[in-house]
file upload_18.cif (mmCIF, C-alpha atoms)
data_coords
loop_
_atom_site.label_atom_id
_atom_site.label_comp_id
_atom_site.auth_asym_id
_atom_site.auth_seq_id
_atom_site.Cartn_x
_atom_site.Cartn_y
_atom_site.Cartn_z
CA MET A 1 -11.59 -1.71 8.26
CA LEU A 2 -15.17 -0.44 8.35
CA SER A 3 -14.48 2.32 10.85
CA GLU A 4 -12.49 5.35 9.82
CA PRO A 5 -9.08 5.26 11.54
CA ARG A 6 -8.37 8.14 13.89
CA SER A 7 -5.09 8.68 12.05
CA GLY A 8 -7.09 9.16 8.86
CA ARG A 9 -9.26 11.86 10.40
CA LEU A 10 -6.24 13.62 11.90
CA ALA A 11 -4.29 13.55 8.64
CA ALA A 12 -7.19 14.51 6.37
CA TRP A 13 -8.51 17.41 8.43
CA GLY A 14 -5.04 18.41 9.54
CA ASN A 15 -4.05 18.70 5.88
CA ALA A 16 -7.13 20.81 5.17
CA LEU A 17 -6.27 23.09 8.09
CA LEU A 18 -2.62 23.40 7.04
CA ALA A 19 -3.78 24.34 3.54
CA GLY A 20 -6.10 27.03 4.94
CA LEU A 21 -9.25 25.31 3.68
CA VAL A 22 -10.99 24.88 7.05
CA SER A 23 -10.97 26.70 10.37
CA PRO A 24 -9.18 25.27 13.43
CA ASP A 25 -12.52 24.73 15.18
CA ASP A 26 -13.99 22.80 12.25
CA ALA A 27 -10.84 20.69 11.86
CA VAL A 28 -10.70 19.76 15.54
CA LEU A 29 -14.42 18.95 15.62
CA ALA A 30 -14.02 16.59 12.67
CA ILE A 31 -10.88 14.95 14.07
CA VAL A 32 -12.35 14.30 17.51
CA GLY A 33 -15.58 12.90 16.06
CA GLU A 34 -17.47 10.90 18.67
CA ASP A 35 -14.55 10.85 21.12
CA ALA A 36 -14.65 13.09 24.18
CA VAL A 37 -11.29 14.78 23.77
CA HIS A 38 -7.93 14.47 21.99
CA ARG A 39 -4.62 15.70 23.41
CA VAL A 40 -1.06 15.65 22.12
CA GLU A 41 1.79 14.61 24.43
CA GLY A 42 5.53 15.05 23.80
CA LEU A 43 5.19 17.97 21.40
CA PRO A 44 8.49 19.90 21.11
CA GLY A 45 8.34 23.01 23.28
CA GLU A 46 5.52 21.70 25.47
CA SER A 47 6.14 20.09 28.87
CA ALA A 48 2.58 18.74 29.22
CA PRO A 49 -0.16 17.41 26.94
CA VAL A 50 -1.94 20.10 24.91
CA GLY A 51 -5.17 20.33 22.95
CA LEU A 52 -5.41 19.66 19.22
CA THR A 53 -5.83 23.30 18.25
CA LEU A 54 -2.59 24.33 19.94
CA ALA A 55 -0.82 21.17 18.74
CA LEU A 56 -1.70 21.67 15.08
CA GLY A 57 -0.60 25.30 15.28
CA ARG A 58 2.68 24.30 16.89
CA LEU A 59 3.33 21.65 14.24
CA ARG A 60 2.90 24.32 11.58
CA THR A 61 5.49 26.55 13.29
CA LEU A 62 7.85 23.54 13.42
CA GLY A 63 7.69 23.33 9.62
CA VAL A 64 4.98 20.72 9.13
CA SER A 65 3.14 21.32 5.86
CA GLY A 66 1.36 17.99 5.49
CA LEU A 67 0.37 14.80 7.29
CA ARG A 68 0.58 11.20 6.13
CA VAL A 69 -1.11 8.06 7.46
CA ALA A 70 0.46 4.71 8.35
CA LEU A 71 -1.66 1.58 8.95
CA PRO A 72 0.89 -1.11 9.86
CA THR A 73 0.21 -4.68 10.94
CA SER A 74 2.54 -7.50 11.91
CA GLY A 75 4.85 -8.21 8.99
CA HIS A 76 3.60 -5.22 7.02
CA PRO A 77 5.02 -1.79 8.11
CA LEU A 78 2.64 0.04 5.78
CA GLY A 79 3.41 3.76 5.66
CA LEU A 80 6.25 3.68 8.20
CA SER A 81 9.84 4.87 7.73
CA GLY A 82 11.41 4.24 11.15
CA PRO A 83 13.12 4.37 13.53
CA PRO A 84 12.37 1.00 15.18
CA ALA A 85 11.08 2.61 18.41
CA PHE A 86 8.44 4.58 16.53
CA ASN A 87 7.57 1.66 14.29
CA ALA A 88 7.01 -0.58 17.32
CA ARG A 89 4.64 1.89 18.92
CA ALA A 90 2.76 2.43 15.65
CA LEU A 91 2.51 -1.31 15.10
CA GLU A 92 0.98 -1.75 18.56
CA ALA A 93 -1.65 0.90 17.75
CA GLU A 94 -1.96 -0.33 14.14
CA GLU A 95 -1.97 3.29 12.98
CA ALA A 96 0.06 6.49 13.07
CA VAL A 97 0.41 9.92 11.48
CA ILE A 98 3.72 10.98 9.95
CA CYS A 99 4.52 14.68 9.59
CA TYR A 100 5.77 16.05 6.27
CA GLY A 101 8.27 18.87 6.74
CA ALA A 102 9.47 17.85 10.21
CA ALA A 103 10.85 14.55 11.53
CA LEU A 104 7.91 13.88 13.83
CA GLY A 105 5.16 11.29 14.08
CA LEU A 106 2.00 10.86 16.14
CA VAL A 107 0.66 7.59 17.55
CA PRO A 108 -2.76 7.43 19.28
CA GLU A 109 -3.38 5.82 22.63
CA VAL A 110 -7.07 5.33 23.42
CA TYR A 111 -8.55 5.38 26.91
CA GLU A 112 -12.04 4.75 28.23
CA ALA A 113 -13.06 6.93 31.18
CA GLY A 114 -16.15 7.61 33.25
CA PRO A 115 -18.59 5.57 35.34
CA ALA A 116 -20.47 2.53 34.07
CA GLY A 117 -23.21 3.59 31.72
CA ASP A 118 -21.48 6.87 30.93
CA VAL A 119 -18.14 5.78 29.51
CA HIS A 120 -16.43 8.14 27.10
CA VAL A 121 -13.31 7.84 24.97
CA GLU A 122 -10.23 10.00 25.35
CA VAL A 123 -7.26 9.92 22.99
CA VAL A 124 -3.67 10.92 23.66
CA TRP A 125 -1.45 11.33 20.61
CA HIS A 126 2.19 10.62 21.46
CA CYS A 127 4.54 12.82 19.43
CA LEU A 128 7.82 11.04 18.68
CA PRO A 129 10.80 11.45 16.36
CA VAL A 130 10.68 9.65 13.01
CA ARG A 131 13.16 8.99 10.24
CA GLU A 132 12.76 11.18 7.16
CA ALA A 133 12.52 8.56 4.44
CA PRO A 134 9.95 7.34 1.90
CA PRO A 135 7.02 5.51 3.58
CA ALA A 136 6.92 1.73 3.18
CA ASP A 137 4.75 0.07 0.55
CA VAL A 138 2.37 2.96 -0.23
CA PRO A 139 0.97 2.76 -3.79
CA SER A 140 -0.10 5.63 -5.99
CA LEU A 141 -3.82 6.36 -6.25
CA GLY A 142 -3.92 4.81 -9.70
CA GLU A 143 -2.19 1.64 -8.53
CA ALA A 144 -4.47 1.43 -5.48
CA GLU A 145 -7.61 1.75 -7.59
CA ARG A 146 -6.52 -0.99 -10.00
CA GLU A 147 -5.45 -3.31 -7.18
CA LEU A 148 -8.75 -2.81 -5.33
CA ALA A 149 -10.85 -3.62 -8.37
CA GLU A 150 -8.88 -6.82 -8.98
CA ALA A 151 -8.94 -7.85 -5.31
CA LEU A 152 -12.67 -7.26 -5.01
CA ARG A 153 -13.40 -9.30 -8.13
CA ASP A 154 -11.16 -12.22 -7.11
CA ALA A 155 -12.33 -12.32 -3.50
CA THR A 156 -16.00 -12.11 -4.43
CA ALA A 157 -15.60 -15.09 -6.76
CA VAL A 158 -13.86 -17.24 -4.13
CA LEU A 159 -16.18 -16.27 -1.26
CA SER A 160 -19.31 -16.78 -3.35
CA ARG A 161 -18.13 -20.23 -4.35
CA LEU A 162 -17.57 -21.10 -0.68
CA ASP A 163 -20.94 -19.54 0.28
CA VAL A 164 -19.43 -17.15 2.85
CA ALA A 165 -20.12 -13.82 1.22
CA GLY A 166 -22.38 -11.58 3.33
CA SER A 167 -25.83 -13.05 3.89
CA GLY A 168 -28.41 -13.16 6.64
CA PRO A 169 -29.67 -10.50 9.08
CA VAL A 170 -26.26 -9.53 10.51
CA ALA A 171 -24.80 -8.95 7.07
CA GLU A 172 -27.89 -7.05 5.95
CA ALA A 173 -27.67 -4.78 8.99
CA ALA A 174 -24.02 -4.07 8.25
CA LEU A 175 -24.80 -3.30 4.63
CA ASP A 176 -27.64 -0.97 5.65
CA ALA A 177 -25.34 0.84 8.08
CA TYR A 178 -22.73 1.25 5.36
CA ARG A 179 -25.28 2.61 2.89
CA ALA A 180 -26.64 5.02 5.51
CA ARG A 181 -23.13 6.27 6.25
CA ALA A 182 -22.43 6.74 2.57
CA GLU A 183 -25.64 8.70 2.08
CA ARG A 184 -25.23 10.73 5.26
CA GLY A 185 -22.18 12.63 4.22
CA ARG A 186 -20.41 12.46 0.93
CA GLU A 187 -17.49 14.26 2.56
CA VAL A 188 -15.50 11.04 2.88
CA LEU A 189 -12.31 13.09 2.98
CA ALA A 190 -11.65 16.66 4.07
CA PRO A 191 -11.69 19.60 1.63
CA GLY A 192 -8.71 19.76 -0.70
CA TYR A 193 -8.52 16.09 -1.63
CA PRO A 194 -8.77 15.10 -5.31
CA PRO A 195 -11.94 13.28 -6.42
CA ARG A 196 -9.93 10.17 -7.22
CA ALA A 197 -8.79 9.94 -3.58
CA VAL A 198 -12.43 10.01 -2.45
CA ARG A 199 -13.28 7.29 -4.96
CA VAL A 200 -10.38 5.09 -3.84
CA LEU A 201 -11.21 5.49 -0.15
CA GLU A 202 -14.88 4.64 -0.74
CA LEU A 203 -13.90 1.51 -2.68
CA ALA A 204 -11.43 0.53 0.05
CA GLN A 205 -14.22 0.84 2.61
CA ARG A 206 -16.51 -1.36 0.50
CA VAL A 207 -13.76 -3.96 0.19
CA GLY A 208 -13.21 -3.74 3.93
CA LEU A 209 -16.93 -4.37 4.46
CA LEU A 210 -16.74 -7.53 2.40
CA VAL A 211 -13.74 -8.77 4.40
CA SER A 212 -15.43 -7.99 7.72
CA LEU A 213 -18.66 -9.76 6.73
CA ALA A 214 -16.76 -12.80 5.53
CA GLU A 215 -14.72 -12.96 8.76
CA GLU A 216 -17.83 -12.60 10.93
CA SER A 217 -19.94 -15.12 9.03
CA GLY A 218 -18.42 -18.15 10.71
CA HIS A 219 -17.58 -21.07 8.49
CA GLY A 220 -20.50 -20.47 6.12
CA GLY A 221 -20.52 -23.11 3.46
CA ALA A 222 -16.83 -23.90 3.87
CA VAL A 223 -17.31 -27.45 5.08
CA SER A 224 -13.73 -28.63 4.91
CA ALA A 225 -10.44 -27.46 6.35
CA SER A 226 -9.07 -26.98 2.87
CA GLU A 227 -11.99 -24.74 1.88
CA MET A 228 -11.58 -22.67 5.04
CA ALA A 229 -7.88 -22.33 4.23
CA VAL A 230 -8.79 -21.12 0.75
CA ARG A 231 -11.09 -18.50 2.26
CA ALA A 232 -8.37 -17.30 4.65
CA GLU A 233 -5.89 -17.08 1.80
CA ALA A 234 -8.42 -15.12 -0.26
CA LEU A 235 -9.12 -12.63 2.53
CA ARG A 236 -5.53 -11.95 3.58
CA PRO A 237 -4.33 -10.16 0.43
CA VAL A 238 -7.70 -8.41 0.02
CA GLU A 239 -7.47 -6.87 3.49
CA ARG A 240 -3.87 -5.86 2.80
CA THR A 241 -4.87 -4.27 -0.51
CA ALA A 242 -7.68 -2.31 1.15
CA ARG A 243 -5.33 -0.98 3.83
CA ARG A 244 -2.79 0.08 1.20
CA ALA A 245 -5.53 1.88 -0.71
CA GLN A 246 -6.71 3.69 2.42
CA VAL A 247 -3.20 4.97 3.04
CA ALA A 248 -2.82 6.02 -0.59
CA ALA A 249 -6.06 8.02 -0.40
CA TYR A 250 -5.23 9.79 2.86
CA ASN A 251 -1.68 10.54 1.71
CA SER A 252 -2.58 11.74 -1.78
CA VAL A 253 -2.48 15.47 -0.96
CA VAL A 254 1.08 15.22 0.34
CA GLU A 255 2.14 12.91 -2.50
CA GLU A 256 0.83 15.35 -5.11
CA ARG A 257 2.60 18.21 -3.38
CA GLU A 258 5.86 16.24 -3.42
CA LYS A 259 5.49 15.68 -7.15
CA GLY A 260 4.84 19.35 -7.71
CA VAL A 261 1.23 18.84 -8.81
CA ARG A 262 0.02 21.17 -6.09
#

call {"tool": "encode", "arguments": {"input": "upload_18.cif", "output": "structure tokens"}}
result
Amino acid sequence: MLSEPRSGRLAAWGNALLAGLVSPDDAVLAIVGEDAVHRVEGLPGESAPVGLTLALGRLRTLGVSGLRVALPTSGHPLGLSGPPAFNARALEAEEAVICYGAALGLVPEVYEAGPAGDVHVEVVWHCLPVREAPPADVPSLGEAERELAEALRDATAVLSRLDVAGSGPVAEAALDAYRARAERGREVLAPGYPPRAVRVLELAQRVGLLVSLAEESGHGGAVSASEMAVRAEALRPVERTARRAQVAAYNSVVEEREKGVR
């Protein structure tokens, strides 16, 4: 939850490129991030994997005018619309990008390559057919913001009572890293996203930080099985809420366009 999903970078910067707000070079640089290279396999009209620049241009010619994110987990097909073959692949990756304007979706497959000590990451996006239907369980930005505030308040109360909220050197290091990231670049989303989407994504990341710290803190002060069960029950809906909010933020440009706002 702390790290930005690759599907989020592809959708956000792909949307900015499709809207003419960034150059192809800037979009690809932002999407690839710290990875070595990204390619797209299975793109209609291409017999072999192609680079992101060509792939994004080809998607535009195929009618794609926007990109959505899906962040599914077992029992929660968040952002997906089918068919089952695509859903299964997206569920395995726990993320996907759904095209708006063409019945296509993209699922990342991540590889590590290179000799020991010089390993780099390569990503292949598999382009597959999807069903054109509303995405599953994606809230509006307003709903996501309200849900996050409630989830953060409730989880903080439970975790504090059980003495498992972030504490100690590991938690402090994670908090420092989060603060440094927040200060480093306020461009949480690509150009073209509404301020509320940025706010929701930042809050979702903070909630995700709390969940991660609680999960990594061992048993903390939860000295009984019942208390540990309470903690698990508190974290499960919080993590789900944060994922839903992430998807709402990344998808907000397309959702606004669908409603005729933009």

call {"tool": "resolve_selection", "arguments": {"input": "upload_18.cif", "expression": "the PyMOL selection byres ((chain A and resi 112) around 12)", "output": "ChimeraX atom specification"}}
result
/A:35-37,109-111,113-124

call {"tool": "axis_aligned_box", "arguments": {"input": "upload_18.cif", "around": "stretch 235-247 of chain A", "padding_each_side": "3 Å", "output": "lines of an AutoDock Vina configuration file"}}
result
center_x = -6.0
center_y = -3.8
center_z = 1.6
size_x = 12.3
size_y = 23.6
size_z = 10.5

call {"tool": "resolve_selection", "arguments": {"input": "upload_18.cif", "expression": "the PyMOL selection byres ((chain A and resi 24) around 12)", "output": "list in words"}}
result
Trp13, Gly14, Asn15, Ala16, Leu17, Leu18, Ala19, Gly20, Leu21, Val22, Ser23, Asp25, Asp26, Ala27, Val28, Leu29, Ala30, Ile31, Gly51, Leu52, Thr53, Leu54, Ala55, Leu56 and Gly57 of chain A

call {"tool": "residues_near_point", "arguments": {"input": "upload_18.cif", "point": "(-9.1, 1.1, 2.4)", "cutoff": "6 Å", "atoms": "only C-alpha atoms", "output": "PyMOL selection string"}}
result
chain A and resi 201+204-205+242-243+245-246

call {"tool": "closest_residue", "arguments": {"input": "upload_18.cif", "among": "A:Leu152, A:Leu141, A:Val207, A:Leu235", "to": "A:Glu256", "atoms": "only C-alpha atoms"}}
result
A:Leu141

call {"tool": "resolve_selection", "arguments": {"input": "upload_18.cif", "expression": "the PyMOL selection byres ((chain A and resi 142-145) around 10)", "output": "PyMOL selection string"}}
result
chain A and resi 138-141+146-151+196-197+199-201+203-204+241-249

call {"tool": "write_last_selection", "arguments": {"input": "upload_18.cif", "atoms": "C-alpha atoms", "output": "tab-separated table (two decimals), in the frame of the given file"}}
result
chain	number	residue	atom	x	y	z
A	138	VAL	CA	2.37	2.96	-0.23
A	139	PRO	CA	0.97	2.76	-3.79
A	140	SER	CA	-0.10	5.63	-5.99
A	141	LEU	CA	-3.82	6.36	-6.25
A	146	ARG	CA	-6.52	-0.99	-10.00
A	147	GLU	CA	-5.45	-3.31	-7.18
A	148	LEU	CA	-8.75	-2.81	-5.33
A	149	ALA	CA	-10.85	-3.62	-8.37
A	150	GLU	CA	-8.88	-6.82	-8.98
A	151	ALA	CA	-8.94	-7.85	-5.31
A	196	ARG	CA	-9.93	10.17	-7.22
A	197	ALA	CA	-8.79	9.94	-3.58
A	199	ARG	CA	-13.28	7.29	-4.96
A	200	VAL	CA	-10.38	5.09	-3.84
A	201	LEU	CA	-11.21	5.49	-0.15
A	203	LEU	CA	-13.90	1.51	-2.68
A	204	ALA	CA	-11.43	0.53	0.05
A	241	THR	CA	-4.87	-4.27	-0.51
A	242	ALA	CA	-7.68	-2.31	1.15
A	243	ARG	CA	-5.33	-0.98	3.83
A	244	ARG	CA	-2.79	0.08	1.20
A	245	ALA	CA	-5.53	1.88	-0.71
A	246	GLN	CA	-6.71	3.69	2.42
A	247	VAL	CA	-3.20	4.97	3.04
A	248	ALA	CA	-2.82	6.02	-0.59
A	249	ALA	CA	-6.06	8.02	-0.40

call {"tool": "atom_distance", "arguments": {"input": "upload_18.cif", "atom1": "atom CA of A:Ala85", "atom2": "atom CA of A:Glu255"}}
result
25.0 Å

call {"tool": "atom_distance", "arguments": {"input": "upload_18.cif", "atom1": "atom CA of A:Glu41", "atom2": "atom CA of A:Trp125"}}
result
6.0 Å

call {"tool": "closest_residue", "arguments": {"input": "upload_18.cif", "among": "A:Leu43, A:Leu104, A:Val64, A:Leu91", "to": "A:Pro77", "atoms": "all atoms listed in the file"}}
result
A:Leu91

call {"tool": "atom_distance", "arguments": {"input": "upload_18.cif", "atom1": "atom CA of A:Ala190", "atom2": "atom CA of A:Ala70"}}
result
17.5 Å

call {"tool": "closest_residue", "arguments": {"input": "upload_18.cif", "among": "A:Arg131, A:Arg89, A:Arg6, A:Arg58", "to": "A:Pro72", "atoms": "only C-alpha atoms"}}
result
A:Arg89

call {"tool": "closest_residue", "arguments": {"input": "upload_18.cif", "among": "A:Val198, A:Arg39, A:Arg206, A:Gly101", "to": "A:Leu59", "atoms": "only C-alpha atoms"}}
result
A:Gly101

call {"tool": "closest_residue", "arguments": {"input": "upload_18.cif", "among": "A:Leu62, A:Leu106, A:Ala48, A:Ala136", "to": "A:Gly82", "atoms": "only C-alpha atoms"}}
result
A:Ala136

call {"tool": "build_atoms", "arguments": {"input": "upload_18.cif", "residues": "stretch 83-94 of chain A", "atoms": "N, CA and C atoms", "output": "tab-separated table (two decimals), in the frame of the given file"}}
result
chain	number	residue	atom	x	y	z
A	83	PRO	N	12.24	5.45	13.07
A	83	PRO	CA	13.12	4.37	13.53
A	83	PRO	C	12.34	3.24	14.19
A	84	PRO	N	13.05	2.16	14.60
A	84	PRO	CA	12.37	1.00	15.18
A	84	PRO	C	11.48	1.34	16.37
A	85	ALA	N	11.89	2.28	17.23
A	85	ALA	CA	11.08	2.61	18.41
A	85	ALA	C	9.72	3.17	18.00
A	86	PHE	N	9.71	4.03	17.00
A	86	PHE	CA	8.44	4.58	16.53
A	86	PHE	C	7.62	3.51	15.84
A	87	ASN	N	8.28	2.71	15.00
A	87	ASN	CA	7.57	1.66	14.29
A	87	ASN	C	6.89	0.70	15.25
A	88	ALA	N	7.57	0.36	16.36
A	88	ALA	CA	7.01	-0.58	17.32
A	88	ALA	C	5.75	-0.01	17.97
A	89	ARG	N	5.80	1.27	18.29
A	89	ARG	CA	4.64	1.89	18.92
A	89	ARG	C	3.48	1.99	17.92
A	90	ALA	N	3.80	2.34	16.68
A	90	ALA	CA	2.76	2.43	15.65
A	90	ALA	C	2.16	1.06	15.35
A	91	LEU	N	2.99	0.05	15.36
A	91	LEU	CA	2.51	-1.31	15.10
A	91	LEU	C	1.56	-1.76	16.21
A	92	GLU	N	1.86	-1.39	17.44
A	92	GLU	CA	0.98	-1.75	18.56
A	92	GLU	C	-0.39	-1.08	18.40
A	93	ALA	N	-0.39	0.18	17.96
A	93	ALA	CA	-1.65	0.90	17.75
A	93	ALA	C	-2.30	0.56	16.42
A	94	GLU	N	-1.54	0.00	15.50
A	94	GLU	CA	-1.96	-0.33	14.14
A	94	GLU	C	-2.31	0.93	13.33
